[in-house]
>>> print(open('data24.pdb').read())   # PDB, C-alpha atoms
ATOM      1  CA  MET O   1      -9.966 -21.286 -14.790
ATOM      2  CA  LEU O   2     -11.435 -17.867 -14.007
ATOM      3  CA  ASN O   3     -12.904 -15.614 -16.682
ATOM      4  CA  ILE O   4     -11.824 -12.041 -15.987
ATOM      5  CA  GLY O   5     -13.069  -8.638 -17.083
ATOM      6  CA  LEU O   6     -10.649  -5.708 -16.840
ATOM      7  CA  LEU O   7     -12.146  -2.273 -16.237
ATOM      8  CA  GLY O   8      -9.571   0.347 -17.159
ATOM      9  CA  ALA O   9      -7.013   0.298 -19.952
ATOM     10  CA  GLY O  10      -4.645   3.008 -18.771
ATOM     11  CA  ARG O  11      -1.123   2.617 -17.432
ATOM     12  CA  ILE O  12      -2.059   0.452 -14.450
ATOM     13  CA  GLY O  13      -4.643  -1.434 -16.523
ATOM     14  CA  ASN O  14      -1.832  -2.491 -18.841
ATOM     15  CA  VAL O  15       0.133  -3.809 -15.866
ATOM     16  CA  HIS O  16      -2.840  -5.841 -14.679
ATOM     17  CA  ALA O  17      -3.564  -7.168 -18.172
ATOM     18  CA  ARG O  18      -0.080  -8.633 -18.228
ATOM     19  CA  ALA O  19      -0.596 -10.255 -14.825
ATOM     20  CA  ILE O  20      -3.992 -11.698 -15.769
ATOM     21  CA  THR O  21      -2.803 -13.179 -19.051
ATOM     22  CA  SER O  22       0.395 -14.561 -17.521
ATOM     23  CA  ASN O  23      -1.458 -16.508 -14.858
ATOM     24  CA  PRO O  24      -2.492 -20.078 -15.787
ATOM     25  CA  GLY O  25      -5.597 -19.785 -13.622
ATOM     26  CA  SER O  26      -7.178 -16.793 -15.367
ATOM     27  CA  ILE O  27      -8.343 -15.734 -18.825
ATOM     28  CA  LEU O  28      -8.786 -12.113 -19.871
ATOM     29  CA  VAL O  29     -12.222 -12.126 -21.516
ATOM     30  CA  ALA O  30     -12.850  -8.419 -22.068
ATOM     31  CA  VAL O  31     -11.483  -4.906 -21.457
ATOM     32  CA  SER O  32     -13.306  -1.607 -20.989
ATOM     33  CA  ASP O  33     -12.268   2.021 -20.713
ATOM     34  CA  VAL O  34     -13.875   5.440 -21.110
ATOM     35  CA  ASN O  35     -11.233   5.890 -23.815
ATOM     36  CA  ILE O  36     -12.623   3.490 -26.404
ATOM     37  CA  ASP O  37      -9.415   3.502 -28.447
ATOM     38  CA  ALA O  38      -7.335   2.570 -25.390
ATOM     39  CA  ALA O  39      -9.652  -0.343 -24.610
ATOM     40  CA  ALA O  40      -9.527  -1.541 -28.210
ATOM     41  CA  LYS O  41      -5.738  -1.323 -28.312
ATOM     42  CA  LEU O  42      -5.248  -3.262 -25.084
ATOM     43  CA  ALA O  43      -7.842  -5.858 -26.066
ATOM     44  CA  ALA O  44      -6.148  -6.374 -29.419
ATOM     45  CA  GLN O  45      -2.761  -6.747 -27.735
ATOM     46  CA  TYR O  46      -4.052  -9.725 -25.749
ATOM     47  CA  GLY O  47      -6.440 -11.166 -28.331
ATOM     48  CA  THR O  48      -9.627 -10.362 -26.448
ATOM     49  CA  GLU O  49     -12.637  -8.034 -26.770
ATOM     50  CA  ALA O  50     -13.283  -4.402 -25.927
ATOM     51  CA  ARG O  51     -16.685  -3.913 -24.289
ATOM     52  CA  SER O  52     -18.449  -1.421 -22.055
ATOM     53  CA  SER O  53     -18.052  -1.751 -18.291
ATOM     54  CA  ASP O  54     -21.767  -2.490 -17.954
ATOM     55  CA  ALA O  55     -21.521  -5.292 -20.506
ATOM     56  CA  ILE O  56     -18.597  -6.840 -18.652
ATOM     57  CA  ILE O  57     -20.230  -6.557 -15.232
ATOM     58  CA  ASN O  58     -23.500  -8.064 -16.437
ATOM     59  CA  ASP O  59     -21.948 -10.945 -18.385
ATOM     60  CA  PRO O  60     -22.769 -14.119 -16.397
ATOM     61  CA  ALA O  61     -19.805 -15.913 -17.977
ATOM     62  CA  ILE O  62     -17.333 -13.545 -16.293
ATOM     63  CA  ASP O  63     -16.329 -14.658 -12.802
ATOM     64  CA  ALA O  64     -14.431 -11.624 -11.562
ATOM     65  CA  VAL O  65     -13.497  -8.092 -12.526
ATOM     66  CA  LEU O  66     -10.357  -6.116 -11.903
ATOM     67  CA  ILE O  67     -11.084  -2.415 -11.425
ATOM     68  CA  ALA O  68      -8.267  -0.150 -12.627
ATOM     69  CA  THR O  69     -10.311   2.945 -13.418
ATOM     70  CA  SER O  70     -10.151   6.441 -11.912
ATOM     71  CA  THR O  71     -10.627   6.554  -8.135
ATOM     72  CA  ASP O  72     -13.960   8.381  -8.271
ATOM     73  CA  THR O  73     -15.511   5.352 -10.003
ATOM     74  CA  HIS O  74     -14.225   2.630  -7.663
ATOM     75  CA  SER O  75     -17.109   2.433  -5.195
ATOM     76  CA  ASP O  76     -19.806   2.507  -7.882
ATOM     77  CA  LEU O  77     -18.095  -0.220  -9.888
ATOM     78  CA  MET O  78     -17.455  -2.430  -6.842
ATOM     79  CA  GLU O  79     -21.108  -2.211  -5.873
ATOM     80  CA  ALA O  80     -22.304  -2.943  -9.413
ATOM     81  CA  ALA O  81     -19.914  -5.869  -9.866
ATOM     82  CA  THR O  82     -20.650  -7.550  -6.547
ATOM     83  CA  ASN O  83     -24.403  -7.067  -7.018
ATOM     84  CA  ALA O  84     -23.954  -8.862 -10.339
ATOM     85  CA  GLY O  85     -22.298 -11.781  -8.546
ATOM     86  CA  LYS O  86     -18.696 -10.971  -9.397
ATOM     87  CA  ALA O  87     -15.601 -11.194  -7.238
ATOM     88  CA  VAL O  88     -13.503  -8.022  -7.406
ATOM     89  CA  LEU O  89      -9.921  -6.873  -7.173
ATOM     90  CA  CYS O  90      -9.963  -3.065  -7.049
ATOM     91  CA  GLU O  91      -7.038  -0.693  -7.220
ATOM     92  CA  LYS O  92      -6.470   1.603  -4.244
ATOM     93  CA  PRO O  93      -7.938   3.759  -2.823
ATOM     94  CA  VAL O  94     -11.487   2.566  -2.237
ATOM     95  CA  ASP O  95     -12.793   6.090  -2.845
ATOM     96  CA  LEU O  96     -11.818   9.727  -2.425
ATOM     97  CA  SER O  97     -14.442  10.040   0.320
ATOM     98  CA  LEU O  98     -14.248   8.024   3.538
ATOM     99  CA  GLU O  99     -18.012   8.304   3.998
ATOM    100  CA  ARG O 100     -18.618   6.930   0.502
ATOM    101  CA  ALA O 101     -16.104   4.138   1.081
ATOM    102  CA  ARG O 102     -17.845   3.058   4.272
ATOM    103  CA  ALA O 103     -21.212   3.028   2.512
ATOM    104  CA  CYS O 104     -19.681   0.882  -0.234
ATOM    105  CA  GLN O 105     -18.326  -1.503   2.392
ATOM    106  CA  VAL O 106     -21.850  -2.060   3.752
ATOM    107  CA  ILE O 107     -23.369  -2.636   0.319
ATOM    108  CA  VAL O 108     -20.634  -5.042  -0.744
ATOM    109  CA  ALA O 109     -20.907  -6.981   2.516
ATOM    110  CA  ASN O 110     -24.605  -7.520   1.848
ATOM    111  CA  THR O 111     -23.807  -9.154  -1.506
ATOM    112  CA  GLY O 112     -21.508 -11.694   0.120
ATOM    113  CA  LYS O 113     -19.052 -11.459  -2.775
ATOM    114  CA  PRO O 114     -15.302 -11.231  -2.106
ATOM    115  CA  VAL O 115     -13.469  -7.949  -2.721
ATOM    116  CA  MET O 116      -9.725  -7.400  -2.520
ATOM    117  CA  ILE O 117      -8.053  -3.981  -2.554
ATOM    118  CA  GLY O 118      -4.857  -3.645  -4.568
ATOM    119  CA  PHE O 119      -2.192  -2.902  -2.002
ATOM    120  CA  ASN O 120       0.454  -4.530  -4.131
ATOM    121  CA  ARG O 121       3.367  -3.660  -1.834
ATOM    122  CA  ARG O 122       2.324  -6.397   0.593
ATOM    123  CA  PHE O 123       3.272  -8.831  -2.166
ATOM    124  CA  ASP O 124       6.747  -7.471  -2.802
ATOM    125  CA  PRO O 125       9.000 -10.446  -1.941
ATOM    126  CA  ASN O 126      11.349  -8.362   0.217
ATOM    127  CA  PHE O 127       8.631  -6.635   2.218
ATOM    128  CA  ALA O 128       6.800  -9.945   2.594
ATOM    129  CA  ALA O 129       9.972 -11.588   3.909
ATOM    130  CA  LEU O 130      10.405  -8.762   6.437
ATOM    131  CA  LYS O 131       6.830  -9.301   7.638
ATOM    132  CA  VAL O 132       7.381 -13.059   8.013
ATOM    133  CA  ALA O 133      10.593 -12.501   9.980
ATOM    134  CA  ALA O 134       8.911  -9.977  12.274
ATOM    135  CA  ASP O 135       5.948 -12.261  12.929
ATOM    136  CA  ARG O 136       8.334 -15.130  13.639
ATOM    137  CA  GLY O 137       9.927 -13.082  16.399
ATOM    138  CA  ASP O 138      13.352 -12.746  14.791
ATOM    139  CA  ILE O 139      13.894  -9.301  16.349
ATOM    140  CA  GLY O 140      11.824  -9.750  19.488
ATOM    141  CA  LYS O 141       9.048  -7.272  20.185
ATOM    142  CA  THR O 142       8.683  -4.812  17.329
ATOM    143  CA  GLU O 143       8.893  -1.218  18.509
ATOM    144  CA  LEU O 144       9.701   1.364  15.825
ATOM    145  CA  LEU O 145       8.835   1.211  12.120
ATOM    146  CA  SER O 146      10.246   3.595   9.517
ATOM    147  CA  ILE O 147       8.804   3.640   5.993
ATOM    148  CA  THR O 148      10.464   5.690   3.256
ATOM    149  CA  SER O 149       8.548   6.220   0.018
ATOM    150  CA  PHE O 150       9.909   8.784  -2.433
ATOM    151  CA  ASP O 151       8.822   9.200  -6.058
ATOM    152  CA  PRO O 152      11.462  10.171  -8.624
ATOM    153  CA  ALA O 153       9.434  13.166  -9.826
ATOM    154  CA  PRO O 154       5.997  14.679  -9.154
ATOM    155  CA  PRO O 155       3.064  13.869 -11.422
ATOM    156  CA  PRO O 156       1.394  16.612 -13.472
ATOM    157  CA  VAL O 157      -0.585  19.125 -11.448
ATOM    158  CA  SER O 158      -3.646  18.129 -13.478
ATOM    159  CA  TYR O 159      -3.342  14.703 -11.848
ATOM    160  CA  ILE O 160      -2.728  16.162  -8.378
ATOM    161  CA  LYS O 161      -6.022  18.060  -8.614
ATOM    162  CA  VAL O 162      -8.078  14.849  -9.043
ATOM    163  CA  SER O 163      -5.921  12.439  -7.015
ATOM    164  CA  GLY O 164      -7.335  13.234  -3.580
ATOM    165  CA  GLY O 165      -3.971  14.497  -2.393
ATOM    166  CA  LEU O 166      -0.699  12.937  -1.301
ATOM    167  CA  PHE O 167      -2.167  11.130   1.710
ATOM    168  CA  ARG O 168      -4.957   9.412  -0.267
ATOM    169  CA  ASP O 169      -3.008   8.844  -3.461
ATOM    170  CA  MET O 170       0.558   8.089  -2.399
ATOM    171  CA  MET O 171       0.926   7.574   1.346
ATOM    172  CA  ILE O 172      -2.141   5.324   1.470
ATOM    173  CA  HIS O 173       0.159   2.438   0.481
ATOM    174  CA  ASP O 174       2.354   3.214   3.487
ATOM    175  CA  PHE O 175      -0.611   3.476   5.855
ATOM    176  CA  ASP O 176      -1.590  -0.028   4.800
ATOM    177  CA  MET O 177       1.981  -1.291   5.170
ATOM    178  CA  ALA O 178       2.252   0.077   8.709
ATOM    179  CA  CYS O 179      -1.002  -1.563   9.797
ATOM    180  CA  TRP O 180      -0.067  -4.816   8.054
ATOM    181  CA  ILE O 181       3.389  -5.025   9.582
ATOM    182  CA  PHE O 182       2.209  -4.120  13.099
ATOM    183  CA  GLY O 183      -0.972  -6.162  12.782
ATOM    184  CA  SER O 184      -3.364  -3.429  13.911
ATOM    185  CA  ALA O 185      -4.475   0.147  13.296
ATOM    186  CA  PRO O 186      -2.901   3.031  15.233
ATOM    187  CA  GLU O 187      -4.677   5.129  17.843
ATOM    188  CA  THR O 188      -3.342   8.525  16.770
ATOM    189  CA  VAL O 189      -2.067  10.247  13.617
ATOM    190  CA  THR O 190       0.191  13.306  13.505
ATOM    191  CA  ALA O 191       1.044  14.834  10.137
ATOM    192  CA  THR O 192       3.241  17.622   8.882
ATOM    193  CA  GLY O 193       3.783  18.584   5.263
ATOM    194  CA  SER O 194       4.982  21.235   2.833
ATOM    195  CA  SER O 195       4.936  22.072  -0.818
ATOM    196  CA  ILE O 196       8.631  22.572  -1.514
ATOM    197  CA  VAL O 197       9.137  20.527  -4.671
ATOM    198  CA  ASP O 198       6.624  22.311  -6.906
ATOM    199  CA  PRO O 199       4.767  25.478  -5.842
ATOM    200  CA  GLU O 200       1.950  24.589  -8.237
ATOM    201  CA  ILE O 201       1.191  21.560  -6.089
ATOM    202  CA  GLY O 202       0.760  23.866  -3.121
ATOM    203  CA  ALA O 203      -1.424  26.180  -5.185
ATOM    204  CA  ALA O 204      -3.591  23.153  -5.972
ATOM    205  CA  GLY O 205      -4.107  22.627  -2.239
ATOM    206  CA  ASP O 206      -1.767  19.673  -1.745
ATOM    207  CA  VAL O 207       1.666  18.959  -0.300
ATOM    208  CA  ASP O 208       4.565  17.187  -1.993
ATOM    209  CA  THR O 209       6.679  16.462   1.084
ATOM    210  CA  ALA O 210       5.236  14.956   4.254
ATOM    211  CA  VAL O 211       6.021  13.056   7.428
ATOM    212  CA  VAL O 212       3.332  11.225   9.401
ATOM    213  CA  THR O 213       3.732   9.622  12.803
ATOM    214  CA  LEU O 214       1.388   6.814  13.844
ATOM    215  CA  LYS O 215       1.182   5.786  17.492
ATOM    216  CA  PHE O 216      -0.300   2.427  18.416
ATOM    217  CA  ALA O 217      -2.175   1.388  21.546
ATOM    218  CA  ASP O 218       0.796  -0.543  22.937
ATOM    219  CA  GLY O 219       3.172   2.384  22.451
ATOM    220  CA  ARG O 220       4.756   1.278  19.186
ATOM    221  CA  ILE O 221       5.447   4.022  16.663
ATOM    222  CA  ALA O 222       5.527   4.110  12.870
ATOM    223  CA  VAL O 223       7.057   7.020  10.964
ATOM    224  CA  ILE O 224       6.212   7.462   7.279
ATOM    225  CA  LYS O 225       8.203   9.785   5.025
ATOM    226  CA  ASN O 226       6.945  10.752   1.557
ATOM    227  CA  SER O 227       8.380  13.017  -1.110
ATOM    228  CA  ARG O 228       7.306  13.581  -4.691
ATOM    229  CA  ARG O 229      10.943  14.059  -5.747
ATOM    230  CA  ALA O 230      13.999  11.842  -5.391
ATOM    231  CA  VAL O 231      16.203  12.587  -8.399
ATOM    232  CA  TYR O 232      18.150   9.324  -8.029
ATOM    233  CA  GLY O 233      15.134   7.028  -8.532
ATOM    234  CA  TYR O 234      12.156   5.363  -6.860
ATOM    235  CA  ASP O 235      13.173   5.104  -3.206
ATOM    236  CA  GLN O 236      11.285   2.405  -1.283
ATOM    237  CA  ARG O 237      12.718   1.249   2.046
ATOM    238  CA  ILE O 238      11.511  -0.176   5.352
ATOM    239  CA  GLU O 239      13.320  -0.442   8.687
ATOM    240  CA  LEU O 240      11.794  -2.221  11.662
ATOM    241  CA  LEU O 241      13.483  -1.984  15.039
ATOM    242  CA  GLY O 242      12.740  -4.565  17.688
ATOM    243  CA  SER O 243      13.845  -5.397  21.214
ATOM    244  CA  GLU O 244      16.401  -7.878  19.850
ATOM    245  CA  GLY O 245      17.472  -6.426  16.534
ATOM    246  CA  LEU O 246      16.630  -4.680  13.288
ATOM    247  CA  LEU O 247      14.990  -5.808  10.053
ATOM    248  CA  SER O 248      15.423  -3.742   6.901
ATOM    249  CA  ALA O 249      14.338  -4.045   3.283
ATOM    250  CA  GLY O 250      16.216  -1.871   0.843
ATOM    251  CA  ASN O 251      15.791  -0.634  -2.692
ATOM    252  CA  ILE O 252      15.839  -2.737  -5.824
ATOM    253  CA  LEU O 253      18.763  -1.449  -7.883
ATOM    254  CA  GLU O 254      19.107  -1.145 -11.655
ATOM    255  CA  ASN O 255      21.938  -3.685 -11.425
ATOM    256  CA  THR O 256      24.192  -5.213  -8.777
ATOM    257  CA  VAL O 257      27.507  -3.947 -10.153
ATOM    258  CA  THR O 258      29.677  -1.877  -7.836
ATOM    259  CA  LYS O 259      32.891  -0.057  -8.722
ATOM    260  CA  SER O 260      35.588   0.199  -6.064
ATOM    261  CA  THR O 261      38.574   2.472  -6.672
ATOM    262  CA  LYS O 262      40.878   4.737  -4.681
ATOM    263  CA  ASP O 263      38.227   7.454  -5.108
ATOM    264  CA  GLY O 264      35.497   5.440  -3.399
ATOM    265  CA  VAL O 265      32.810   2.829  -4.015
ATOM    266  CA  THR O 266      29.890   3.477  -6.352
ATOM    267  CA  GLY O 267      26.900   1.466  -7.506
ATOM    268  CA  ALA O 268      23.683   1.622  -9.473
ATOM    269  CA  LYS O 269      20.672   3.781  -8.665
ATOM    270  CA  PRO O 270      17.310   2.392  -7.501
ATOM    271  CA  GLU O 271      14.955   1.365 -10.276
ATOM    272  CA  PHE O 272      13.394   4.544 -11.536
ATOM    273  CA  PHE O 273       9.628   4.039 -11.389
ATOM    274  CA  PHE O 274       6.952   1.968  -9.668
ATOM    275  CA  LEU O 275       6.156  -0.062 -12.796
ATOM    276  CA  GLU O 276       9.710  -1.382 -12.774
ATOM    277  CA  ARG O 277      10.026  -1.658  -9.000
ATOM    278  CA  TYR O 278       6.769  -3.478  -8.347
ATOM    279  CA  MET O 279       6.078  -5.459 -11.523
ATOM    280  CA  ARG O 280       6.766  -8.740  -9.728
ATOM    281  CA  ALA O 281       4.571  -7.678  -6.812
ATOM    282  CA  TYR O 282       1.624  -7.050  -9.145
ATOM    283  CA  SER O 283       2.004 -10.560 -10.569
ATOM    284  CA  ILE O 284       2.184 -12.155  -7.118
ATOM    285  CA  GLU O 285      -0.799 -10.079  -5.986
ATOM    286  CA  TRP O 286      -2.901 -11.367  -8.877
ATOM    287  CA  SER O 287      -1.804 -14.951  -8.238
ATOM    288  CA  ALA O 288      -2.875 -14.603  -4.599
ATOM    289  CA  PHE O 289      -6.293 -13.340  -5.719
ATOM    290  CA  VAL O 290      -6.772 -16.219  -8.170
ATOM    291  CA  GLU O 291      -5.591 -18.835  -5.686
ATOM    292  CA  ALA O 292      -7.925 -17.567  -2.960
ATOM    293  CA  LEU O 293     -10.952 -17.563  -5.261
ATOM    294  CA  THR O 294     -10.119 -21.002  -6.624
ATOM    295  CA  ALA O 295      -9.664 -22.449  -3.138
ATOM    296  CA  GLY O 296     -12.629 -20.585  -1.674
ATOM    297  CA  SER O 297     -10.391 -19.116   1.016
ATOM    298  CA  ALA O 298     -10.224 -15.600   2.440
ATOM    299  CA  LEU O 299      -8.598 -12.947   0.292
ATOM    300  CA  PRO O 300      -5.238 -11.708   1.629
ATOM    301  CA  VAL O 301      -6.313  -8.039   1.540
ATOM    302  CA  SER O 302      -9.877  -7.020   2.375
ATOM    303  CA  LEU O 303     -12.150  -4.122   1.569
ATOM    304  CA  ALA O 304     -11.967  -3.306   5.287
ATOM    305  CA  ASP O 305      -8.186  -2.903   4.912
ATOM    306  CA  GLY O 306      -8.814  -0.385   2.156
ATOM    307  CA  VAL O 307     -11.338   1.578   4.217
ATOM    308  CA  ASN O 308      -8.953   1.543   7.181
ATOM    309  CA  ALA O 309      -6.104   2.997   5.099
ATOM    310  CA  LEU O 310      -8.437   5.669   3.751
ATOM    311  CA  ALA O 311      -9.435   6.565   7.314
ATOM    312  CA  LEU O 312      -5.758   7.091   8.137
ATOM    313  CA  ALA O 313      -5.398   9.311   5.075
ATOM    314  CA  GLU O 314      -8.369  11.347   6.276
ATOM    315  CA  ALA O 315      -6.860  11.589   9.763
ATOM    316  CA  ALA O 316      -3.542  12.747   8.319
ATOM    317  CA  THR O 317      -5.322  15.366   6.226
ATOM    318  CA  ARG O 318      -7.118  16.717   9.300
ATOM    319  CA  SER O 319      -3.919  16.696  11.326
ATOM    320  CA  LEU O 320      -2.058  18.607   8.634
ATOM    321  CA  LYS O 321      -4.769  21.267   8.439
ATOM    322  CA  SER O 322      -5.199  21.643  12.191
ATOM    323  CA  GLY O 323      -1.610  21.177  13.316
ATOM    324  CA  GLN O 324      -2.928  18.771  15.949
ATOM    325  CA  THR O 325      -2.697  15.053  16.582
ATOM    326  CA  VAL O 326      -5.891  13.286  15.484
ATOM    327  CA  ARG O 327      -7.380  10.232  17.159
ATOM    328  CA  LEU O 328      -8.510   7.637  14.650
ATOM    329  CA  ALA O 329     -11.518   6.864  16.855
ATOM    330  CA  ASP O 330     -12.774  10.414  16.330
ATOM    331  CA  ILE O 331     -13.267   9.905  12.610
ATOM    332  CA  PHE O 332     -13.637   6.162  12.174
TER     333      PHE O 332
END
>>> encode(input="data24.pdb", output="structure tokens")
Amino acid sequence: MLNIGLLGAGRIGNVHARAITSNPGSILVAVSDVNIDAAAKLAAQYGTEARSSDAIINDPAIDAVLIATSTDTHSDLMEAATNAGKAVLCEKPVDLSLERARACQVIVANTGKPVMIGFNRRFDPNFAALKVAADRGDIGKTELLSITSFDPAPPPVSYIKVSGGLFRDMMIHDFDMACWIFGSAPETVTATGSSIVDPEIGAAGDVDTAVVTLKFADGRIAVIKNSRRAVYGYDQRIELLGSEGLLSAGNILENTVTKSTKDGVTGAKPEFFFLERYMRAYSIEWSAFVEALTAGSALPVSLADGVNALALAEAATRSLKSGQTVRLADIF
């Protein structure tokens, strides 16, 4: 049984609290947040204590911490927790700065403590099944990957300004998925983007609509499409074309009812938000973390995976600004 400290009591912290307390291998010992009232409320909900992050990190009775705080605190907290002997599961991204993330990677490696980055989409049962089928050779040699990731509506501009931008905040999940599915990092990154959903996002220096093309050393290509607005719901799809066929993973719908009449066939919309769409994935992700620590085996997602995805986000940012293809080797 692992004693767990949760750092962060916001929206995603609440999701992780549910996963921690639902798992028979973990106990939520304490919760922290810069918003003291939020920490107290979440702690009370699960019958545990609200403490400071320092108190949680330095408590020798706590085995691991889950970091669900703002991105600009991730590296500092990972370093502090691993130096205190804790295992860590940290929400993405590793940091807003690639340089800072790489420095964190070195420091954490010197502690010898395991760190997992929260790329929860790897643990979605449908995406995981697609990966297994591809690795098994069901469609021959994989050649072309298409990842669609559309949010139902943009977040507040106040969030955009501190998020690190679409590539670091949103598409970083898709960068990780592409590398995971193809089993390697790409050689080149080509990005194009616009602010056509909300002009305030553009005024804040970001884009809300983007397409990125990744080209791999063996010629394979991955195309990632992101939009901050899909009025019909949270659109999350993957298609993988191979030499002998196609694998696809579609949306999770609000229900499976279809209506067929002389006017046509209609059905339900995709689930509306990521908390609904990926709740099961978050639970499976946490179970994988607990099982790996308990067995002493390697974590299924590494800190290096997180740094790699951040490097791709940086490459996409440079490509967007320059209008040129960027080689990953030139920045990473």
>>> residues_around(input="data24.pdb", residues="range 46-48 of chain O", least_positions_apart="5", cutoff="10 Å", atoms="only C-alpha atoms", output="list in words")
Ala17, Arg18, Thr21, Ile27, Leu28, Val29, Ala30, Val31, Ala40 and Lys41 of chain O
>>> closest_residue(input="data24.pdb", among="O:Val307, O:Glu239, O:Ile196, O:Phe272", to="Asn255 in chain O", atoms="only C-alpha atoms")
O:Phe272
>>> closest_residue(input="data24.pdb", among="O:Ala311, O:Leu303, O:Thr266, O:Arg220", to="Glu79 in chain O", atoms="only C-alpha atoms")
O:Leu303
>>> resolve_selection(input="data24.pdb", expression="the PyMOL selection byres ((chain O and resi 313-320) around 7)", output="MDAnalysis selection string")
chainID O and resid 167:168 172 189:193 309:312 321:326 328
>>> closest_residue(input="data24.pdb", among="O:Phe289, O:Phe273, O:Tyr232, O:Tyr159", to="Thr71 in chain O", atoms="all atoms listed in the file")
O:Tyr159
>>> residues_around(input="data24.pdb", residues="Lys215 in chain O", least_positions_apart="2", cutoff="9 Å", atoms="all atoms listed in the file", output="ChimeraX atom specification")
/O:186-190,213,217-223
>>> residues_around(input="data24.pdb", residues="range 121-137 of chain O", least_positions_apart="4", cutoff="12 Å", atoms="all atoms listed in the file", output="number ranges by chain")
O: 92, 117, 141-145, 147, 149, 171-183, 236-252, 274-275, 277-289, 300-301, 305
>>> resolve_selection(input="data24.pdb", expression="the PyMOL selection byres ((chain O and resi 99) around 10)", output="NGL selection string")
:O and (95-98 or 100-105 or 307 or 310-311 or 331-332)
>>> closest_residue(input="data24.pdb", among="O:Pro199, O:Ala153, O:Pro93, O:Ala185", to="Met170 in chain O", atoms="all atoms listed in the file")
O:Pro93
>>> atom_distance(input="data24.pdb", atom1="CA of Ala87 in chain O", atom2="CA of Met116 in chain O")
8.4 Å
>>> atom_distance(input="data24.pdb", atom1="CA of Leu299 in chain O", atom2="CA of Ala84 in chain O")
19.1 Å
>>> atom_distance(input="data24.pdb", atom1="CA of Val108 in chain O", atom2="CA of Gly164 in chain O")
22.8 Å
>>> residues_around(input="data24.pdb", residues="Ala38 in chain O", least_positions_apart="5", cutoff="9 Å", atoms="all atoms listed in the file", output="JSON, numbers by chain")
{"O": [8, 9, 10, 32, 33, 43]}
